[in-house]
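Structure record follows, encoded as structure tokens.
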Amino acid sequence: MLALPDFGAGELIVTTIDGLRVRQRPGLTSLIVTGLLPLNAELQVVMGPILVQDVGWYLVTDADPDEPQFEEGWIASGFEPEAYLASTGVPSAGTPFVASFAQVGSAQYGPIEIGEGDHAIRWVALDPERVRCGLAVLLAAGSGAPVQAIRATIGSGVDPGTLQPGSFAALGVRGQVFVTVESDCAWTLVIVRVPDPTPEPSPSVSP
């Protein structure tokens, strides 16, 4: 079986061919966000890969100042050794993406450092047979007991979801964290550090 290229959350990558499209969701029938990207367009990885319609996909953000510009979307990865995407070898400074994982079936990861501040988990899953599958994500701080963060039933499509910052904070999971995924789906997820809200300026008071 051909191997998909392997990139981590926040990694800077470039396109190795001309004319790739960015789509709203993984899949060749999904709406196009922008296209056509030129050769060597720079992107930042959010999460992936996930195999949809026999094509590997990564969620990326635009890291290139040139046109066409977009916020984020899914891009086809191709397969090694002739993948459509390649690492730049340069780390992204100040990325909000803490860690990303991708798998078909169950898996365990960690430890991952979850610091102070707001965090969220974004995920996408599908049943490879396009019938129905289940996805559960559990988090454990250090040697503590795992707590359930996500439980979802995936139908016949490509389903996205988000564990919002308030729900993440309620789990009380900080420091060295272990992630357990119990699933019969194909899935990918990313843990994201959410920026602090910008304080609104105080209204000026006339004397």
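Chain lettering (A, B, ...) mirrors the order of the structure tokens, residue numbering begins at 1 for each chain separately, and ligand numbering begins at 1 in order of display.
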
Quick one: residues within 10 Å of stretch 17-19 of chain A, only C-alpha atoms counted, chain neighbours fewer than 3 positions away excluded, as a PDB file with N, CA and C atoms, in the first residue's frame?
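Output file out36.pdb is given in full below:
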```
ATOM      1  N   VAL A  14       5.256  22.872   1.592  1.00  0.00           N
ATOM      2  CA  VAL A  14       5.072  23.533   0.301  1.00  0.00           C
ATOM      3  C   VAL A  14       4.476  22.553  -0.696  1.00  0.00           C
ATOM      4  N   VAL A  22      -7.750  23.887  -2.942  1.00  0.00           N
ATOM      5  CA  VAL A  22      -8.050  23.816  -1.515  1.00  0.00           C
ATOM      6  C   VAL A  22      -9.559  23.684  -1.390  1.00  0.00           C
ATOM      7  N   GLY A  35      -8.269  27.982  -5.497  1.00  0.00           N
ATOM      8  CA  GLY A  35      -7.430  27.233  -6.425  1.00  0.00           C
ATOM      9  C   GLY A  35      -7.101  28.181  -7.548  1.00  0.00           C
ATOM     10  N   LEU A  36      -6.118  27.929  -8.269  1.00  0.00           N
ATOM     11  CA  LEU A  36      -5.214  26.796  -8.225  1.00  0.00           C
ATOM     12  C   LEU A  36      -3.933  27.271  -7.560  1.00  0.00           C
ATOM     13  N   LEU A  37      -3.415  26.529  -6.579  1.00  0.00           N
ATOM     14  CA  LEU A  37      -2.186  26.936  -5.915  1.00  0.00           C
ATOM     15  C   LEU A  37      -0.992  26.702  -6.829  1.00  0.00           C
ATOM     16  N   PRO A  38      -0.038  27.627  -6.815  1.00  0.00           N
ATOM     17  CA  PRO A  38       1.150  27.444  -7.643  1.00  0.00           C
ATOM     18  C   PRO A  38       2.146  26.490  -6.992  1.00  0.00           C
ATOM     19  N   LEU A  39       3.135  26.096  -7.735  1.00  0.00           N
ATOM     20  CA  LEU A  39       4.246  25.324  -7.199  1.00  0.00           C
ATOM     21  C   LEU A  39       4.940  26.115  -6.087  1.00  0.00           C
ATOM     22  N   ASN A  40       5.326  25.435  -5.014  1.00  0.00           N
ATOM     23  CA  ASN A  40       6.037  26.030  -3.867  1.00  0.00           C
ATOM     24  C   ASN A  40       5.185  27.002  -3.052  1.00  0.00           C
ATOM     25  N   ALA A  41       3.858  26.885  -3.130  1.00  0.00           N
ATOM     26  CA  ALA A  41       2.999  27.667  -2.233  1.00  0.00           C
ATOM     27  C   ALA A  41       3.206  27.150  -0.810  1.00  0.00           C
ATOM     28  N   GLU A  82       6.197  10.378  -4.483  1.00  0.00           N
ATOM     29  CA  GLU A  82       5.897  11.516  -5.351  1.00  0.00           C
ATOM     30  C   GLU A  82       4.710  12.298  -4.805  1.00  0.00           C
ATOM     31  N   ALA A  83       4.786  12.639  -3.520  1.00  0.00           N
ATOM     32  CA  ALA A  83       3.698  13.365  -2.864  1.00  0.00           C
ATOM     33  C   ALA A  83       3.575  14.774  -3.437  1.00  0.00           C
ATOM     34  N   TYR A  84       2.375  15.339  -3.292  1.00  0.00           N
ATOM     35  CA  TYR A  84       2.105  16.698  -3.769  1.00  0.00           C
ATOM     36  C   TYR A  84       2.570  17.759  -2.779  1.00  0.00           C
ATOM     37  N   LEU A  85       2.948  17.342  -1.565  1.00  0.00           N
ATOM     38  CA  LEU A  85       3.347  18.246  -0.502  1.00  0.00           C
ATOM     39  C   LEU A  85       4.670  17.793   0.077  1.00  0.00           C
TER      40      LEU A  85
END
```

Can you check which parts of stretch 49-128 of chain A lie within 12 Å of stretch 164-167 of chain A? Per residue, the shortest pair of atoms and distance in Å to one decimal, counting only C-alpha atoms, sorted by chain and number, as a tab-separated table.
```
residue	atom	partner	partner_atom	distance
A:Glu116	CA	A:Pro165	CA	11.9
A:Gly117	CA	A:Pro165	CA	9.2
A:Asp118	CA	A:Pro165	CA	5.6
A:His119	CA	A:Pro165	CA	5.2
A:Ala120	CA	A:Pro165	CA	4.8
A:Ile121	CA	A:Gln164	CA	7.0
A:Arg122	CA	A:Gln164	CA	8.5
A:Trp123	CA	A:Gln164	CA	11.4
```

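Computed from the coordinates, the atom CA of A:Ile150 to atom CA of A:Ala169 distance equals 13.3 Å.
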
Which residues of stretch 19-96 of chain A have any atom within 12 Å of an atom in stretch 102-114 of chain A when counting only C-alpha atoms, and what is the closest pair of atoms for each, with the distance in Å to one decimal? Order the rows by chain and rising number and write it as a Markdown table.
```
| residue | atom | partner | partner_atom | distance |
| --- | --- | --- | --- | --- |
| A:Val46 | CA | A:Ala102 | CA | 11.5 |
| A:Met47 | CA | A:Ala102 | CA | 7.7 |
| A:Gly48 | CA | A:Ala102 | CA | 5.8 |
| A:Pro49 | CA | A:Ala102 | CA | 6.2 |
| A:Ile50 | CA | A:Ala102 | CA | 6.8 |
| A:Leu51 | CA | A:Val104 | CA | 9.2 |
| A:Val52 | CA | A:Val104 | CA | 11.8 |
| A:Gly56 | CA | A:Ala102 | CA | 11.2 |
| A:Trp57 | CA | A:Ala102 | CA | 10.9 |
| A:Tyr58 | CA | A:Ala102 | CA | 10.2 |
| A:Leu59 | CA | A:Ala102 | CA | 11.7 |
| A:Pro96 | CA | A:Ile114 | CA | 11.7 |
```

Write the selection just made, keeping C-alpha atoms, as a PDB file, in the first residue's frame?
```pdb
ATOM      1  CA  VAL A  46      -3.456  21.839  11.010  1.00  0.00           C
ATOM      2  CA  MET A  47      -4.242  18.105  10.989  1.00  0.00           C
ATOM      3  CA  GLY A  48      -4.266  14.982   8.824  1.00  0.00           C
ATOM      4  CA  PRO A  49      -3.850  12.926   6.827  1.00  0.00           C
ATOM      5  CA  ILE A  50      -7.224  11.279   6.308  1.00  0.00           C
ATOM      6  CA  LEU A  51      -8.001   9.055   3.321  1.00  0.00           C
ATOM      7  CA  VAL A  52     -11.168  10.007   1.431  1.00  0.00           C
ATOM      8  CA  GLY A  56      -5.024  11.567   1.323  1.00  0.00           C
ATOM      9  CA  TRP A  57      -5.995  15.005   2.682  1.00  0.00           C
ATOM     10  CA  TYR A  58      -4.488  17.545   5.089  1.00  0.00           C
ATOM     11  CA  LEU A  59      -6.216  20.524   6.671  1.00  0.00           C
ATOM     12  CA  PRO A  96      -1.511  27.531  17.964  1.00  0.00           C
TER      13      PRO A  96
END
```

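Inside stretch 16-55 of chain A, the residues DSSP reads as strand (DSSP E) when given the backbone are Leu20, Arg21, Val22, Arg23, Ile32, Val33, Thr34, Gly35, Leu36, Leu37, Glu42, Leu43, Gln44, Val45, Val46, Met47, Gly48, Pro49, Ile50, Leu51, Val52 and Val55 of chain A.
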
Just to confirm, what's the straight-line distance from atom CA of A:Asp64 to atom CA of A:Arg23 in Å (one decimal)?
17.0 Å

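Checking A:Val124, A:Glu129, A:Thr162, A:Gln176 one by one against A:Gly142, counting only C-alpha atoms, you find the shortest gap at A:Gln176.
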
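What separates atom CA of A:Gly94 from atom CA of A:Ile75 is a distance of 22.5 Å.
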
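Comparing the minimum interatomic distances between A:Thr188 and each of A:Gln148, A:Val131, A:Leu163, A:Phe101, counting only C-alpha atoms, we find that A:Phe101 sits nearest.
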
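Shortest atom-to-atom contact with A:Cys133 among A:Val190, A:Val90, A:Val173, A:Cys185: A:Cys185, counting only C-alpha atoms.
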
With a distance cut-off of 6 Å and only C-alpha atoms, select the neighbouring residues of A:Val45, excluding the residue or stretch itself and same-chain residues fewer than 5 positions from it, and output the selection as a VMD selection string.
chain A and resid 9 to 11 60

From the list A:Val147, A:Val181, A:Ala86, A:Leu135, which residue is nearest A:Gly161 when using only C-alpha atoms?
A:Leu135

If you run DSSP on the backbone here, which positions in chain A get helix (DSSP H, G or I)? Please write them as a VMD selection string.
chain A and resid 165 to 171

Dump as a compact mmCIF listing (two decimals), in the first residue's frame, selection limited to N, CA and C atoms:
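In the end it all went to result-v3.txt:
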```
# COMPACT_ATOMS: atom_id res chain seq x y z
N PRO A 165 -13.63 25.32 23.84
CA PRO A 165 -12.76 25.62 24.99
C PRO A 165 -13.42 25.45 26.34
N GLY A 166 -14.69 25.85 26.48
CA GLY A 166 -15.36 25.69 27.76
C GLY A 166 -15.48 24.25 28.19
N SER A 167 -15.80 23.37 27.23
CA SER A 167 -15.91 21.94 27.53
C SER A 167 -14.55 21.34 27.82
N PHE A 168 -13.50 21.79 27.11
CA PHE A 168 -12.15 21.30 27.36
C PHE A 168 -11.73 21.70 28.77
N ALA A 169 -11.96 22.95 29.15
CA ALA A 169 -11.55 23.43 30.47
C ALA A 169 -12.26 22.66 31.57
N ALA A 170 -13.53 22.28 31.34
CA ALA A 170 -14.29 21.56 32.36
C ALA A 170 -13.71 20.18 32.66
N LEU A 171 -12.92 19.62 31.74
CA LEU A 171 -12.30 18.32 31.97
C LEU A 171 -11.19 18.41 33.02
```
